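Student: So that we are looking at the same thing, I have put the structure below in structure tokens.
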Amino acid sequence: MAQTSSDARAGETGEADAHGVPVVDVSSFATQESLPVKPEDLSEDQRATVQAWGDALTRTGFAVVVEHGIADDDLRAAFDASKRFFLELPSEEKLKYNYGPYGTPQGGYTPQGIEGVGRSLDAADAPADLVESYVFNAAARANPDNHEPVLFKNAVGYSTKATWLMHVLHCISAFALDLPGNFFDEFHTNPDSVMRCACYPPLDKSKVEGGSIRYSAHTDYQGFTILALEASLDGGPTGPTGLQVNRDGEWKDVVLPTSGNPLVTNIGDLWQVWTAGRWKSTLHRVMNPPADSEAAKRYRFSLPYFTGPNAEANIVPIDGSGEAVNAGEYLRQKLDITNV
Ligand SMILES: O=C(O)CCC(=O)C(=O)O
Ligand SMILES: [Fe+2]
């Protein structure tokens with residue numbers, strides 16, 4: 001049964017809702033072998049899921065998805081490979097997989113000090129973020145020989161599971177927008193999606209004093225972001241995740257529910273265009289833990305998967321208003337301005 005944390009899940013996941021990001025159980029779709037196309041084919045549970053999903057995205061542009069069917073083992077394997085890459089490989093080895101600045105067409109590794117995601121929002125002097133990352137974009141996935149094999153296998157392996165979830169979210173979204181369930185399929189036959197492995201090292205005081213945070217305020221550029229946080233695998237109360245969402249000018253901590261394998265999802269700019277602003281591409285950031293706290297001494301790992309439409313797709317608002325945006329050109333233009 002679909003539910004948000006404001007009803008039956010309240011006892012369990014109240015914190016997440018209290019912080020403004022609704023929790024949506026997507027099992028009524030995710031467990032199906034094929035996805036429904038016509039509204040009359042929806043079960044009662046599916047209708048409730050559609051309603052909860054549409055409400056969440058209209059209110060916040062964010063939803064914490066639970067019961068999505070991706071196994072803990074797939075996520076754990078991807079996190080383990082990411083930790084091995086960032087923590088165990090020497091810098092020279094990691095740099096073998098650097099093919100240029102963040103957003104370089106080949107994908108690969110970007111050390112700290114290069115990307116300042118705040119620059120994507122016209123903040124041309126935003127400092128570098130406190131993060132290193134490894135990106136498997138479509139070109140990287142097509143050229144395994146150019147990439148670190150253990151990370152490739154596990155991160156790309158996980159991304160194939162996340163791709164099914166993308167289809168599930170598109171189907172639920174289409175119904176929530178009064179469209180046929182397969183409306184978004186033709187725009188995702190060869191999706192320009194990006195699997196990103198992010199590592200936020202323990203805080204370095206001098207960089208913090210220079211104004212850097214772990215990942216500065218930005219909106220995501222493409223379709224849905226499906227974000228896995230390592231804390232979600234531990235099964236216990238997690239407290240603030242570091243991820244903060246801006247609601248009405250105020251920063252709110254995202255806190256995960258303690259069951260259901262939560263994944264944080266949000267829409268990027270292209271879906272705001274698609275929905276003619278009905279759903280918002282919401283500002284978010286990864287804030288530094290308090291100085292000298294235990295969390296400030298720890299690494300933080302996350303696995304954001306950005307679902308792109310096909311690079312050549314033209315995104316036209318579904319209500320016919322506004323101008324078309326070319327998906328590939330929009331992404332390129334954003335990536336090109338995010339390096340320090
Ligand atoms: O690491 C996170 O929690 C979020 C990262 C993020 O917002 C992004 O990669 O776009
Ligand atoms: Fe983001």
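The way I read the labels, and the way they are meant: chains A, B, ... in the order of the structure tokens, residue 1 as the first residue of every chain, and ligand 1 as the first ligand shown, with later ones counted on from there.
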Considering only C-alpha atoms, tabulate each residue of stretch 113-175 of chain A that lies at most 10 Å from stretch 206-210 of chain A along with its nearest interatomic pair and the corresponding distance in Å to one decimal; arrange the rows by chain and ascending residue number and present them as a Markdown table.
Tutor:
```
| residue | atom | partner | partner_atom | distance |
| --- | --- | --- | --- | --- |
| A:Gly113 | CA | A:Lys207 | CA | 9.9 |
| A:Pro127 | CA | A:Gly210 | CA | 7.9 |
| A:Ala128 | CA | A:Lys207 | CA | 9.1 |
| A:Asp129 | CA | A:Lys207 | CA | 9.2 |
| A:Leu130 | CA | A:Lys207 | CA | 8.0 |
```
Student: Enumerate as a list in words the residues within 6 Å of ligand 1, counting only C-alpha atoms and all ligand atoms.
Tutor: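 Counting only what the definition allows, namely only C-alpha atoms and all ligand atoms, the set is Asp220, Leu243, Arg285, Val286, Ser302 and Pro304 of chain A.
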Student: Just all heavy atoms for this one: save the residues we selected as a tab-separated table (two decimals), in the first residue's frame.
Tutor:
```
chain	number	residue	atom	x	y	z
A	220	ASP	N	19.86	19.85	-9.76
A	220	ASP	CA	20.41	18.83	-10.66
A	220	ASP	C	19.97	19.18	-12.08
A	220	ASP	O	18.98	19.86	-12.29
A	220	ASP	CB	19.96	17.44	-10.22
A	220	ASP	CG	20.62	17.06	-8.89
A	220	ASP	OD1	21.64	17.68	-8.53
A	220	ASP	OD2	20.10	16.16	-8.22
A	243	LEU	N	22.82	15.90	3.61
A	243	LEU	CA	22.06	16.46	2.48
A	243	LEU	C	21.00	17.42	3.04
A	243	LEU	O	20.28	17.09	3.98
A	243	LEU	CB	21.39	15.33	1.70
A	243	LEU	CG	20.53	15.77	0.51
A	243	LEU	CD1	21.39	16.41	-0.58
A	243	LEU	CD2	19.79	14.57	-0.09
A	285	ARG	N	22.10	20.88	-1.20
A	285	ARG	CA	23.55	20.93	-0.99
A	285	ARG	C	23.95	19.84	0.00
A	285	ARG	O	23.09	19.27	0.69
A	285	ARG	CB	23.95	22.31	-0.45
A	285	ARG	CG	23.44	22.57	0.96
A	285	ARG	CD	23.81	23.97	1.45
A	285	ARG	NE	23.37	24.16	2.83
A	285	ARG	CZ	23.47	25.30	3.51
A	285	ARG	NH1	23.99	26.38	2.93
A	285	ARG	NH2	23.07	25.38	4.76
A	286	VAL	N	25.26	19.58	0.09
A	286	VAL	CA	25.74	18.69	1.16
A	286	VAL	C	26.53	19.57	2.11
A	286	VAL	O	27.58	20.12	1.76
A	286	VAL	CB	26.63	17.55	0.62
A	286	VAL	CG1	27.07	16.64	1.78
A	286	VAL	CG2	25.87	16.73	-0.43
A	302	SER	N	28.54	8.66	-1.21
A	302	SER	CA	27.19	8.62	-1.78
A	302	SER	C	27.29	8.16	-3.23
A	302	SER	O	28.35	8.23	-3.86
A	302	SER	CB	26.49	9.98	-1.68
A	302	SER	OG	27.06	10.91	-2.57
A	304	PRO	N	25.05	9.02	-6.34
A	304	PRO	CA	23.93	9.60	-7.10
A	304	PRO	C	23.90	9.06	-8.53
A	304	PRO	O	24.94	8.97	-9.19
A	304	PRO	CB	24.23	11.11	-7.12
A	304	PRO	CG	25.59	11.29	-6.54
A	304	PRO	CD	26.18	9.95	-6.22
```
Student: What is the atom CA of A:Glu186-atom CA of A:Asn143 distance in Å, reported with one decimal?
Tutor: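 Computed distance, atom CA of A:Glu186 to atom CA of A:Asn143, equals 24.7 Å.
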Student: So which residues of stretch 97-275 of chain A fall under helix (DSSP H, G or I) by DSSP, listed as a short mmCIF file (atom, residue, chain, number, x, y, z; two decimals) with C-alpha atoms, in the first residue's frame?
Tutor:
```cif
data_model
loop_
_atom_site.label_atom_id
_atom_site.label_comp_id
_atom_site.auth_asym_id
_atom_site.auth_seq_id
_atom_site.Cartn_x
_atom_site.Cartn_y
_atom_site.Cartn_z
CA VAL A 117 28.98 22.84 -8.43
CA GLY A 118 27.79 26.23 -7.11
CA ARG A 119 29.14 27.69 -10.36
CA SER A 120 26.33 26.00 -12.25
CA LEU A 121 24.03 28.68 -10.80
CA ALA A 138 27.25 6.68 -21.30
CA ALA A 139 30.69 6.98 -22.97
CA ALA A 140 32.43 5.48 -19.93
CA ARG A 141 29.99 2.57 -19.81
CA ALA A 142 30.69 1.88 -23.49
CA PRO A 144 35.20 -0.37 -19.96
CA ASP A 145 38.90 -0.66 -20.85
CA ASN A 146 39.40 3.01 -19.98
CA PRO A 149 37.68 -2.50 -13.43
CA VAL A 150 36.42 -3.20 -9.89
CA LEU A 151 34.57 0.09 -9.65
CA PHE A 152 33.25 -0.32 -13.19
CA LYS A 153 31.80 -3.75 -12.46
CA ASN A 154 30.08 -2.81 -9.23
CA ALA A 155 29.01 0.78 -9.86
CA VAL A 156 27.80 0.11 -13.40
CA GLY A 157 26.22 -3.15 -12.13
CA TYR A 158 24.24 -1.16 -9.57
CA SER A 159 23.31 1.45 -12.21
CA THR A 160 21.56 -1.21 -14.30
CA LYS A 161 19.26 -1.86 -11.30
CA ALA A 162 18.75 1.87 -10.85
CA THR A 163 17.76 2.06 -14.52
CA TRP A 164 14.77 -0.22 -13.85
CA LEU A 165 13.83 2.07 -10.99
CA MET A 166 14.07 4.98 -13.43
CA HIS A 167 11.46 3.29 -15.65
CA VAL A 168 9.27 2.71 -12.60
CA LEU A 169 9.52 6.37 -11.56
CA HIS A 170 8.76 7.52 -15.11
CA CYS A 171 5.64 5.37 -15.21
CA ILE A 172 4.38 6.65 -11.85
CA SER A 173 5.25 10.21 -12.91
CA ALA A 174 3.41 9.89 -16.20
CA PHE A 175 0.21 8.82 -14.42
CA ALA A 176 0.66 11.61 -11.85
CA ASP A 185 9.81 5.84 -22.67
CA GLU A 186 10.54 7.20 -26.15
CA PHE A 187 12.77 9.90 -24.61
CA LYS A 205 39.87 23.17 8.41
CA SER A 206 41.76 25.45 6.03
CA LYS A 207 39.43 24.60 3.16
CA VAL A 208 36.37 25.11 5.35
CA GLU A 209 37.75 28.50 6.39
CA GLU A 230 25.76 4.72 2.75
CA ALA A 231 23.88 5.38 5.98
CA SER A 232 20.77 3.84 4.42
CA LEU A 233 22.41 0.41 4.49
CA ASP A 269 15.97 20.96 -14.36
CA LEU A 270 14.76 19.09 -17.44
CA TRP A 271 11.77 17.69 -15.55
CA GLN A 272 10.91 21.17 -14.33
CA VAL A 273 10.83 22.16 -18.02
CA TRP A 274 8.81 19.07 -18.93
#
```
Student: Can you tell me which residues surround stretch 177-183 of chain A at a distance of at most 6 Å, considering only C-alpha atoms, apart from same-chain residues fewer than 5 positions away, and format the answer as a list in words?
Tutor: Pro36, Val37, Lys38 and Cys171 of chain A
Student: What does the distance between atom CA of A:Thr225 and atom CA of A:Ala63 come to in Å, to one decimal place?
Tutor: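 Distance reported for this atom pair: 10.4 Å.
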Student: Ranking A:Ile337, A:Val245, A:Leu89, A:Leu57 by minimum distance to ligand 2 and counting only C-alpha atoms and all ligand atoms, which one comes first?
Tutor: A:Val245
Student: When you look at A:Gly103 with a cut-off of 8 Å (counting only C-alpha atoms), what residues show up, excluding the ones that are within fewer than 6 positions of it in the same chain? I need them as a list in words.
Tutor: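 The residues that qualify are Arg332, Leu335 and Asp336 of chain A.
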Student: Residues within 12 Å of ligand 2 should be enumerated using only C-alpha atoms and all ligand atoms and returned as a ChimeraX atom specification.
Tutor: /A:62,117-118,120,196,198,214-228,243-246,264-269,281-286,302-306
Student: Keeping only N, CA and C atoms, write the selected residues to a file as a CSV table (one decimal), in the first residue's frame.
Tutor:
```csv
chain,number,residue,atom,x,y,z
A,62,PHE,N,11.2,16.6,-4.2
A,62,PHE,CA,12.0,15.5,-3.6
A,62,PHE,C,11.0,14.4,-3.1
A,117,VAL,N,30.3,23.0,-7.8
A,117,VAL,CA,29.0,22.8,-8.4
A,117,VAL,C,28.2,24.1,-8.3
A,118,GLY,N,28.5,24.9,-7.3
A,118,GLY,CA,27.8,26.2,-7.1
A,118,GLY,C,27.9,27.1,-8.3
A,120,SER,N,27.4,26.3,-11.3
A,120,SER,CA,26.3,26.0,-12.3
A,120,SER,C,25.2,27.0,-12.1
A,196,ARG,N,27.4,8.4,-10.7
A,196,ARG,CA,28.5,9.2,-10.0
A,196,ARG,C,28.8,8.5,-8.7
A,198,ALA,N,30.6,9.4,-5.3
A,198,ALA,CA,31.2,10.6,-4.6
A,198,ALA,C,31.8,10.2,-3.3
A,214,ARG,N,30.9,20.6,1.4
A,214,ARG,CA,31.1,19.4,0.8
A,214,ARG,C,30.5,19.4,-0.7
A,215,TYR,N,29.3,20.0,-0.9
A,215,TYR,CA,28.8,20.1,-2.2
A,215,TYR,C,27.9,21.3,-2.2
A,216,SER,N,28.3,22.3,-2.9
A,216,SER,CA,27.5,23.6,-2.7
A,216,SER,C,26.2,23.6,-3.4
A,217,ALA,N,25.4,24.6,-3.0
A,217,ALA,CA,24.0,24.7,-3.5
A,217,ALA,C,23.8,24.6,-5.0
A,218,HIS,N,23.0,23.8,-5.4
A,218,HIS,CA,22.8,23.6,-6.9
A,218,HIS,C,21.4,22.9,-7.1
A,219,THR,N,21.0,22.9,-8.3
A,219,THR,CA,19.9,22.1,-8.7
A,219,THR,C,20.5,21.0,-9.6
A,220,ASP,N,19.9,19.9,-9.8
A,220,ASP,CA,20.4,18.8,-10.7
A,220,ASP,C,20.0,19.2,-12.1
A,221,TYR,N,20.7,18.7,-13.1
A,221,TYR,CA,20.6,19.2,-14.4
A,221,TYR,C,19.6,18.5,-15.3
A,222,GLN,N,19.4,17.1,-15.0
A,222,GLN,CA,18.8,16.3,-16.0
A,222,GLN,C,17.4,15.8,-15.5
A,223,GLY,N,17.2,14.5,-15.5
A,223,GLY,CA,15.9,13.9,-15.2
A,223,GLY,C,15.8,13.7,-13.7
A,224,PHE,N,15.6,12.4,-13.3
A,224,PHE,CA,15.5,12.1,-11.9
A,224,PHE,C,16.9,11.8,-11.3
A,225,THR,N,17.2,12.3,-10.1
A,225,THR,CA,18.4,11.8,-9.4
A,225,THR,C,17.9,10.8,-8.4
A,226,ILE,N,18.6,9.6,-8.4
A,226,ILE,CA,18.3,8.5,-7.5
A,226,ILE,C,19.6,8.4,-6.6
A,227,LEU,N,19.5,8.8,-5.4
A,227,LEU,CA,20.7,9.0,-4.6
A,227,LEU,C,20.7,7.9,-3.5
A,228,ALA,N,21.8,7.1,-3.5
A,228,ALA,CA,22.0,6.2,-2.4
A,228,ALA,C,23.0,6.8,-1.4
A,243,LEU,N,22.8,15.9,3.6
A,243,LEU,CA,22.1,16.5,2.5
A,243,LEU,C,21.0,17.4,3.0
A,244,GLN,N,21.0,18.6,2.5
A,244,GLN,CA,20.0,19.6,2.9
A,244,GLN,C,19.2,20.1,1.6
A,245,VAL,N,17.9,20.3,1.9
A,245,VAL,CA,17.0,20.7,0.8
A,245,VAL,C,16.5,22.1,1.2
A,246,ASN,N,16.5,23.0,0.2
A,246,ASN,CA,16.0,24.3,0.5
A,246,ASN,C,14.5,24.4,0.2
A,264,VAL,N,17.0,8.6,-1.9
A,264,VAL,CA,16.5,9.9,-2.0
A,264,VAL,C,16.3,10.2,-3.5
A,265,THR,N,15.2,10.7,-3.9
A,265,THR,CA,15.0,11.0,-5.4
A,265,THR,C,14.6,12.5,-5.5
A,266,ASN,N,15.0,13.1,-6.6
A,266,ASN,CA,14.5,14.4,-6.8
A,266,ASN,C,14.5,14.7,-8.3
A,267,ILE,N,13.8,15.7,-8.8
A,267,ILE,CA,13.8,16.0,-10.2
A,267,ILE,C,14.9,17.0,-10.5
A,268,GLY,N,15.5,16.9,-11.7
A,268,GLY,CA,16.4,17.9,-12.2
A,268,GLY,C,15.7,18.9,-13.1
A,269,ASP,N,16.5,19.8,-13.6
A,269,ASP,CA,16.0,21.0,-14.4
A,269,ASP,C,15.1,20.5,-15.5
A,281,SER,N,12.6,21.8,-9.7
A,281,SER,CA,13.9,21.3,-9.5
A,281,SER,C,14.5,22.1,-8.4
A,282,THR,N,14.6,21.4,-7.2
A,282,THR,CA,14.8,22.1,-5.9
A,282,THR,C,16.3,22.2,-5.6
A,283,LEU,N,16.6,23.4,-5.0
A,283,LEU,CA,18.0,23.7,-4.6
A,283,LEU,C,18.4,22.7,-3.4
A,284,HIS,N,19.6,22.2,-3.5
A,284,HIS,CA,20.0,21.3,-2.4
A,284,HIS,C,21.5,21.4,-2.3
A,285,ARG,N,22.1,20.9,-1.2
A,285,ARG,CA,23.6,20.9,-1.0
A,285,ARG,C,24.0,19.8,0.0
A,286,VAL,N,25.3,19.6,0.1
A,286,VAL,CA,25.7,18.7,1.2
A,286,VAL,C,26.5,19.6,2.1
A,302,SER,N,28.5,8.7,-1.2
A,302,SER,CA,27.2,8.6,-1.8
A,302,SER,C,27.3,8.2,-3.2
A,303,LEU,N,26.2,7.7,-3.7
A,303,LEU,CA,26.1,7.2,-5.1
A,303,LEU,C,24.9,7.8,-5.8
A,304,PRO,N,25.0,9.0,-6.3
A,304,PRO,CA,23.9,9.6,-7.1
A,304,PRO,C,23.9,9.1,-8.5
A,305,TYR,N,22.7,8.7,-9.0
A,305,TYR,CA,22.5,8.2,-10.4
A,305,TYR,C,21.6,9.2,-11.0
A,306,PHE,N,22.1,9.9,-12.0
A,306,PHE,CA,21.3,10.9,-12.7
A,306,PHE,C,20.7,10.3,-14.0
```
Student: As a PyMOL selection string, please: the residues near A:Glu148 (cut-off 9 Å, only C-alpha atoms, same-chain neighbours under 5 positions excluded).
Tutor: chain A and resi 85+94+96-97+108+153
Student: Could you save those same residues with all heavy atoms as a short mmCIF file (atom, residue, chain, number, x, y, z; two decimals), in the first residue's frame?
Tutor:
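Dumped to selection-v4.cif:
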```cif
data_model
loop_
_atom_site.label_atom_id
_atom_site.label_comp_id
_atom_site.auth_asym_id
_atom_site.auth_seq_id
_atom_site.Cartn_x
_atom_site.Cartn_y
_atom_site.Cartn_z
N PHE A 85 38.20 2.13 -4.09
CA PHE A 85 38.84 3.04 -5.05
C PHE A 85 39.37 4.28 -4.35
O PHE A 85 40.55 4.63 -4.48
CB PHE A 85 37.84 3.45 -6.15
CG PHE A 85 38.44 4.41 -7.14
CD1 PHE A 85 39.17 3.93 -8.24
CD2 PHE A 85 38.36 5.78 -6.96
CE1 PHE A 85 39.78 4.81 -9.13
CE2 PHE A 85 38.96 6.67 -7.84
CZ PHE A 85 39.68 6.18 -8.93
N LYS A 94 44.71 6.48 -9.12
CA LYS A 94 43.40 7.11 -9.37
C LYS A 94 43.51 8.08 -10.56
O LYS A 94 42.61 8.14 -11.40
CB LYS A 94 42.93 7.85 -8.12
CG LYS A 94 42.62 6.94 -6.96
CD LYS A 94 41.79 7.62 -5.89
CE LYS A 94 42.62 8.35 -4.88
NZ LYS A 94 41.84 8.80 -3.71
N LYS A 96 45.19 7.90 -13.13
CA LYS A 96 45.21 7.24 -14.45
C LYS A 96 43.83 7.30 -15.11
O LYS A 96 43.69 7.14 -16.31
CB LYS A 96 45.57 5.76 -14.29
CG LYS A 96 47.02 5.51 -14.09
CD LYS A 96 47.24 4.00 -14.19
CE LYS A 96 48.56 3.61 -13.59
NZ LYS A 96 48.61 2.20 -13.21
N TYR A 97 42.81 7.46 -14.26
CA TYR A 97 41.44 7.46 -14.79
C TYR A 97 40.86 8.87 -14.88
O TYR A 97 39.66 9.05 -14.97
CB TYR A 97 40.55 6.55 -13.92
CG TYR A 97 41.11 5.15 -13.84
CD1 TYR A 97 41.78 4.71 -12.70
CD2 TYR A 97 41.02 4.30 -14.94
CE1 TYR A 97 42.33 3.44 -12.65
CE2 TYR A 97 41.58 3.03 -14.89
CZ TYR A 97 42.23 2.60 -13.74
OH TYR A 97 42.78 1.35 -13.70
N GLY A 108 35.04 9.35 -15.76
CA GLY A 108 36.23 9.00 -15.00
C GLY A 108 36.38 9.80 -13.72
O GLY A 108 35.41 10.37 -13.21
N LYS A 153 32.70 -2.60 -12.60
CA LYS A 153 31.80 -3.75 -12.46
C LYS A 153 30.68 -3.46 -11.45
O LYS A 153 29.51 -3.71 -11.71
CB LYS A 153 32.62 -4.97 -12.01
CG LYS A 153 31.82 -6.21 -11.72
CD LYS A 153 32.77 -7.39 -11.48
CE LYS A 153 32.02 -8.66 -11.18
NZ LYS A 153 31.58 -8.77 -9.79
#
```
Student: Please run DSSP on the backbone and report, as a PyMOL selection string, all residues within stretch 35-240 of chain A that come out as strand (DSSP E).
Tutor: chain A and resi 62-66+108-110+132-136+194-200+215-218+224-229+240
Student: Distance atom CA of A:Ile70-atom CA of A:Cys199, one decimal place?
Tutor: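 Between these atoms lies a distance of 21.8 Å.
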Student: Would you please work out which residue, of A:Thr275, A:Glu40, A:Asn261, A:Ala311, is nearest to A:Asp73 when using only C-alpha atoms?
Tutor: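 Of the candidates, the smallest distance to A:Asp73 is held by A:Asn261.
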Student: For each of A:Leu256, A:Leu35, A:Tyr99, A:Leu87, take the minimum atom-to-atom distance to A:Val21, counting only C-alpha atoms, then give the residue where this is smallest.
Tutor: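 So, comparing all the options, the nearest one is A:Leu256.
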Student: Of the candidates A:Arg247, A:Arg59, A:His147, A:Lys280, which shows the shortest atom-to-atom distance to A:Tyr109, using only C-alpha atoms?
Tutor: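 Using only C-alpha atoms, the shortest distance to A:Tyr109 belongs to A:His147.
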Student: Which residues are close to A:Val325, i.e. within 9 Å by only C-alpha atoms, leaving aside same-chain residues fewer than 3 positions away? Reply as a list in words.
Tutor: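 Listing them by chain and then by number gives Leu270, Val273, Ala313, Asn314, Ile315, Val316, Gly328, Glu329 and Tyr330 of chain A.
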Student: Out of A:Gln51, A:Ser82, A:Asn137, A:Thr189, which residue has the shortest atom-to-atom distance to A:Pro105 when counting only C-alpha atoms?
Tutor: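 Between A:Gln51, A:Ser82, A:Asn137, A:Thr189, the residue approaching A:Pro105 most closely is A:Asn137.
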Student: Ranking A:Thr49, A:Ser43, A:Ser259, A:Asn326 by minimum distance to A:Ser27 and counting only C-alpha atoms, which one comes first?
Tutor: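 Once distances to A:Ser27 are computed over only C-alpha atoms, the minimum belongs to A:Thr49.
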